[in-house]
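Asks: Take a look at input_25.cif, mmCIF, C-alpha atoms:
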data_entry
#
loop_
_atom_site.label_atom_id
_atom_site.label_comp_id
_atom_site.auth_asym_id
_atom_site.auth_seq_id
_atom_site.Cartn_x
_atom_site.Cartn_y
_atom_site.Cartn_z
CA SER A 777 0.00 0.00 0.00
CA GLN A 778 1.16 3.52 -0.74
CA GLN A 779 -0.59 4.89 2.32
CA GLY A 780 1.64 7.09 4.42
CA GLU A 781 2.01 7.08 8.14
CA GLU A 782 2.22 10.15 10.30
CA ASP A 783 4.22 10.37 13.46
CA PRO A 784 3.35 11.07 16.19
CA GLN A 785 -0.28 9.95 16.27
CA ALA A 786 -1.05 12.70 18.76
CA LEU A 787 0.79 15.83 19.84
CA SER A 788 -0.07 18.32 22.56
CA ILE A 789 1.78 21.64 22.89
CA GLN A 790 1.40 25.06 24.45
CA GLU A 791 0.33 28.02 22.36
CA GLY A 792 3.36 29.74 20.89
CA GLU A 793 5.43 26.59 20.63
CA ASN A 794 6.39 24.94 17.36
CA ALA A 795 4.76 21.69 16.24
CA THR A 796 6.52 19.15 14.04
CA MET A 797 4.76 16.26 12.38
CA ASN A 798 6.40 13.60 10.26
CA CYS A 799 5.18 11.46 7.41
CA SER A 800 6.68 8.37 5.83
CA TYR A 801 5.54 6.72 2.62
CA LYS A 802 6.47 3.65 0.65
CA THR A 803 6.81 4.19 -3.09
CA SER A 804 8.02 6.89 -5.46
CA ILE A 805 5.90 10.00 -5.79
CA ASN A 806 5.35 13.03 -7.99
CA ASN A 807 4.28 15.22 -5.10
CA LEU A 808 3.33 15.13 -1.44
CA GLN A 809 0.59 17.21 0.11
CA TRP A 810 -0.45 18.15 3.63
CA TYR A 811 -4.04 18.64 4.72
CA ARG A 812 -5.75 19.79 7.90
CA GLN A 813 -9.04 18.48 9.21
CA ASN A 814 -10.96 20.19 11.96
CA SER A 815 -13.31 17.99 13.95
CA GLY A 816 -16.44 17.17 12.01
CA ARG A 817 -15.28 18.95 8.88
CA GLY A 818 -13.75 18.11 5.53
CA LEU A 819 -10.03 18.22 4.81
CA VAL A 820 -8.42 21.48 3.80
CA HIS A 821 -5.41 21.57 1.52
CA LEU A 822 -2.41 23.30 3.14
CA ILE A 823 0.61 22.87 0.92
CA LEU A 824 2.00 20.77 -1.94
CA ILE A 825 5.66 19.93 -2.40
CA ARG A 826 6.94 18.37 -5.59
CA SER A 827 9.36 15.47 -5.63
CA ASN A 828 12.18 17.69 -6.94
CA GLU A 829 11.72 20.20 -4.10
CA ARG A 830 13.31 19.86 -0.69
CA GLU A 831 11.61 22.59 1.28
CA LYS A 832 8.61 24.84 0.94
CA HIS A 833 7.12 27.61 3.07
CA SER A 834 3.64 29.02 3.38
CA GLY A 835 3.05 31.51 6.16
CA ARG A 836 3.76 29.71 9.46
CA LEU A 837 4.06 26.37 7.68
CA ARG A 838 7.33 24.80 6.60
CA VAL A 839 7.39 21.49 4.76
CA THR A 840 10.46 19.42 3.99
CA LEU A 841 10.74 16.41 1.72
CA ASP A 842 13.46 13.78 1.64
CA THR A 843 12.74 11.41 -1.23
CA SER A 844 15.78 9.25 -0.40
CA LYS A 845 14.24 8.49 2.97
CA LYS A 846 10.66 8.65 1.67
CA SER A 847 9.73 11.06 4.41
CA SER A 848 8.35 14.54 4.91
CA SER A 849 7.86 16.85 7.84
CA LEU A 850 5.39 19.64 8.54
CA LEU A 851 6.46 22.37 10.93
CA ILE A 852 3.94 24.84 12.30
CA THR A 853 5.70 27.76 13.97
CA ALA A 854 4.27 29.93 16.76
CA SER A 855 1.25 27.67 17.14
CA ARG A 856 -2.18 29.01 17.99
CA ALA A 857 -5.19 27.39 19.60
CA ALA A 858 -6.89 27.58 16.20
CA ASP A 859 -4.25 25.19 14.81
CA THR A 860 -5.84 22.39 16.85
CA ALA A 861 -6.83 19.81 14.24
CA SER A 862 -5.75 16.57 12.62
CA TYR A 863 -3.03 16.82 10.00
CA PHE A 864 -2.66 14.36 7.14
CA CYS A 865 -0.02 13.82 4.53
CA ALA A 866 -1.08 12.54 1.14
CA THR A 867 0.95 11.11 -1.71
CA ASP A 868 0.18 10.26 -5.27
CA ALA A 869 1.13 6.95 -6.84
CA GLY A 870 4.07 8.33 -8.78
CA THR A 871 2.25 7.64 -12.03
CA GLY A 872 0.14 9.98 -14.12
CA ALA A 873 -2.90 9.25 -12.00
CA ASN A 874 -4.46 11.99 -9.91
CA ASN A 875 -5.56 9.92 -6.94
CA LEU A 876 -4.06 10.53 -3.52
CA PHE A 877 -3.37 8.16 -0.67
CA PHE A 878 -3.76 9.62 2.79
CA GLY A 879 -1.86 8.78 5.92
CA THR A 880 -3.31 8.00 9.30
CA GLY A 881 -3.02 11.56 10.61
CA THR A 882 -1.53 13.39 13.57
CA ARG A 883 -3.96 14.84 16.08
CA LEU A 884 -2.52 18.21 17.21
CA THR A 885 -3.83 19.95 20.30
CA VAL A 886 -2.62 23.48 21.03
CA ILE A 887 -3.33 24.51 24.60
CA PRO A 888 -4.11 28.22 25.07
CA ASP B 669 -17.43 29.59 -5.52
CA ALA B 670 -19.41 27.63 -2.93
CA GLY B 671 -16.84 24.85 -2.89
CA VAL B 672 -17.64 21.15 -3.13
CA ILE B 673 -21.21 20.59 -2.02
CA GLN B 674 -22.33 17.31 -0.54
CA SER B 675 -25.78 16.22 0.52
CA PRO B 676 -27.16 15.15 2.83
CA ARG B 677 -24.89 16.14 5.75
CA HIS B 678 -26.27 13.36 7.89
CA GLU B 679 -28.11 10.19 6.95
CA VAL B 680 -29.52 7.59 9.30
CA THR B 681 -31.01 4.55 7.67
CA GLU B 682 -31.99 1.01 8.48
CA MET B 683 -29.99 -1.94 7.34
CA GLY B 684 -31.08 -3.11 3.91
CA GLN B 685 -32.19 0.29 2.69
CA GLU B 686 -30.73 2.04 -0.31
CA VAL B 687 -28.62 5.10 0.37
CA THR B 688 -27.67 7.75 -2.18
CA LEU B 689 -25.03 10.35 -1.47
CA ARG B 690 -24.67 13.37 -3.71
CA CYS B 691 -21.83 15.64 -4.69
CA LYS B 692 -21.44 18.80 -6.73
CA PRO B 693 -17.78 19.48 -7.54
CA ILE B 694 -16.22 22.85 -8.15
CA SER B 695 -16.89 24.09 -11.65
CA GLY B 696 -13.90 23.51 -13.90
CA HIS B 697 -12.38 20.75 -11.79
CA ASN B 698 -11.73 17.74 -14.01
CA SER B 699 -11.31 15.11 -11.31
CA LEU B 700 -13.77 13.95 -8.66
CA PHE B 701 -13.03 11.58 -5.81
CA TRP B 702 -15.11 9.67 -3.27
CA TYR B 703 -13.44 8.80 0.03
CA ARG B 704 -14.69 7.03 3.14
CA GLN B 705 -13.33 7.87 6.59
CA THR B 706 -13.57 5.67 9.66
CA MET B 707 -11.61 5.56 12.88
CA MET B 708 -10.37 2.06 12.12
CA ARG B 709 -9.35 2.46 8.49
CA GLY B 710 -8.74 6.18 8.10
CA LEU B 711 -9.36 7.73 4.69
CA GLU B 712 -9.97 5.22 1.94
CA LEU B 713 -10.28 6.13 -1.72
CA LEU B 714 -13.38 4.45 -3.10
CA ILE B 715 -13.44 5.67 -6.70
CA TYR B 716 -12.34 8.58 -8.79
CA PHE B 717 -13.49 10.11 -12.05
CA ASN B 718 -11.58 12.11 -14.61
CA ASN B 719 -13.67 14.14 -17.06
CA ASN B 720 -16.76 12.23 -15.84
CA VAL B 721 -15.22 8.83 -16.65
CA PRO B 722 -14.51 6.37 -13.81
CA ILE B 723 -10.77 5.77 -13.77
CA ASP B 724 -10.19 3.58 -10.74
CA ASP B 725 -12.91 1.89 -8.71
CA SER B 726 -10.67 -0.67 -7.06
CA GLY B 727 -11.43 0.86 -3.68
CA MET B 728 -15.13 0.17 -3.87
CA PRO B 729 -15.58 -2.42 -1.16
CA GLU B 730 -18.33 -4.53 -2.67
CA ASP B 731 -20.85 -4.72 -5.47
CA ARG B 732 -23.29 -3.06 -3.13
CA PHE B 733 -21.45 0.19 -3.83
CA SER B 734 -21.82 2.03 -7.11
CA ALA B 735 -20.95 5.53 -8.29
CA LYS B 736 -21.96 7.60 -11.26
CA MET B 737 -21.01 10.93 -12.74
CA PRO B 738 -23.59 11.73 -15.42
CA ASN B 739 -22.14 15.19 -16.04
CA ALA B 740 -19.35 17.48 -14.91
CA SER B 741 -21.40 19.02 -12.13
CA PHE B 742 -22.90 16.03 -10.35
CA SER B 743 -21.94 12.66 -8.93
CA THR B 744 -23.68 10.07 -6.78
CA LEU B 745 -22.48 7.26 -4.57
CA LYS B 746 -25.09 4.60 -3.96
CA ILE B 747 -25.11 1.79 -1.44
CA GLN B 748 -27.72 -0.91 -1.97
CA PRO B 749 -28.43 -2.65 0.32
CA SER B 750 -26.77 -0.80 3.18
CA GLU B 751 -25.20 -2.59 6.15
CA PRO B 752 -24.15 -1.35 9.61
CA ARG B 753 -20.46 -1.69 8.67
CA ASP B 754 -21.02 0.95 5.98
CA SER B 755 -21.39 3.54 8.74
CA ALA B 756 -18.72 6.18 8.13
CA VAL B 757 -18.19 9.70 6.89
CA TYR B 758 -18.17 9.85 3.11
CA PHE B 759 -16.26 12.68 1.49
CA CYS B 760 -16.34 13.95 -2.04
CA ALA B 761 -13.40 15.98 -3.34
CA SER B 762 -12.53 17.61 -6.62
CA SER B 763 -9.31 18.79 -8.21
CA PRO B 764 -8.37 20.70 -11.37
CA ASP B 765 -5.33 18.53 -12.07
CA ARG B 766 -2.74 16.34 -10.36
CA ALA B 767 -0.36 19.19 -9.77
CA ARG B 768 -2.75 20.85 -7.37
CA GLY B 769 -4.53 19.91 -4.19
CA TYR B 770 -8.00 18.63 -3.62
CA THR B 771 -10.96 20.60 -2.37
CA PHE B 772 -13.08 18.50 -0.05
CA GLY B 773 -16.76 18.76 0.72
CA SER B 774 -18.02 18.78 4.28
CA GLY B 775 -18.88 15.09 4.10
CA THR B 776 -21.95 12.95 4.68
CA ARG B 777 -22.09 11.15 8.02
CA LEU B 778 -23.86 7.86 7.32
CA THR B 779 -25.23 5.74 10.12
CA VAL B 780 -26.78 2.39 9.26
CA VAL B 781 -28.70 0.82 12.14
#
Once more with this new file: its structure as structure tokens, please.

Replies:
Amino acid sequence: SQQGEEDPQALSIQEGENATMNCSYKTSINNLQWYRQNSGRGLVHLILIRSNEREKHSGRLRVTLDTSKKSSSLLITASRAADTASYFCATDAGTGANNLFFGTGTRLTVIP
Amino acid sequence: DAGVIQSPRHEVTEMGQEVTLRCKPISGHNSLFWYRQTMMRGLELLIYFNNNVPIDDSGMPEDRFSAKMPNASFSTLKIQPSEPRDSAVYFCASSPDRARGYTFGSGTRLTVV
């Protein structure tokens, strides 16, 4: 299965701290994406990093990709209570197909 | 744009009944995806369409599940007959192409009793 795995499964931090979540996957990819899901809601796309990129930034988000280790990390800096959510990485199949495979998610809790 | 619209938001039905979930993708998005989310199995891709044509339905769990996309603005996922183990949140998502992310709907929470 191409499905990724996030680590840790759950993370609890104080507001203002940084949060780092990791993702590992199994096969080659064209791109890797990170999504956020608030409780009871649909997933929201955060950032996409292509296989030939090593790092990407978007606001307080920083994503790294290491294709040799088949791993990615999502860093949220200066966390806020509103960042409390589940975070998922998603990978394609490395082919021309558009379907994504989602990991198991990291549940982030930011304590005010 | 109103985003991806799913209906109903919640559905409670008795075992054996037919269930139809509906999705309206974002206009101009060529790809449409149906996912199922449960605590035990996470997010599972059921089927996806490209330009209204089903491309990969290998994730559809059984013949009881079927999906259609009669035009670019509408898709349905049907379960007939429904079973309690079908209880889950079903998400529809659309995407303009594989180089960009998905936009998800708010999901349909299905409970089969």

Asks: I want to know what sits within 6 Å of region 851-863 of chain A, based on only C-alpha atoms, with residues of the same chain fewer than 2 positions away left out; could you give that as number ranges by chain?

Replies: A: 791-796, 811-814, 836-838, 881-886, 888

Asks: Run the PyMOL selection byres ((chain B) within 8 of (chain A)) mentally over the shown coordinates, then write out the matched residues as a PyMOL selection string, using the chain letters and numbers from the document.

Replies: chain B and resi 699+701+710-713+716+759+765-775

Asks: Restricting the calculation to all atoms listed in the file: of A:Ser848, A:Ser804, A:Asn828, A:Asn798, which residue gets closest to Ala869 (chain A)?

Replies: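 So, comparing all the options, the nearest one is A:Ser804.
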
Asks: For the atom pair CA of Leu689 (chain B) and CA of Asn718 (chain B), what is the interatomic distance in Å to one decimal place?

Replies: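 Computing it gives 18.9 Å between the two atoms.
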
Asks: Using Å and a single decimal, report how far CA of Ile747 (chain B) sits from CA of Met683 (chain B).

Replies: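 Atom-to-atom, CA of Met683 (chain B) and CA of Ile747 (chain B) are spaced 10.7 Å apart.
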
Asks: Calculate how many Å separate CA of Val687 (chain B) from CA of Leu700 (chain B), rounding to one decimal.

Replies: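 Computed distance, CA of Val687 (chain B) to CA of Leu700 (chain B), equals 19.5 Å.
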
Asks: Which residues would end up in the selection if the PyMOL selection byres ((chain B and resi 748) around 7) were applied here, given that I need the answer as a count of residues only?

Replies: 9
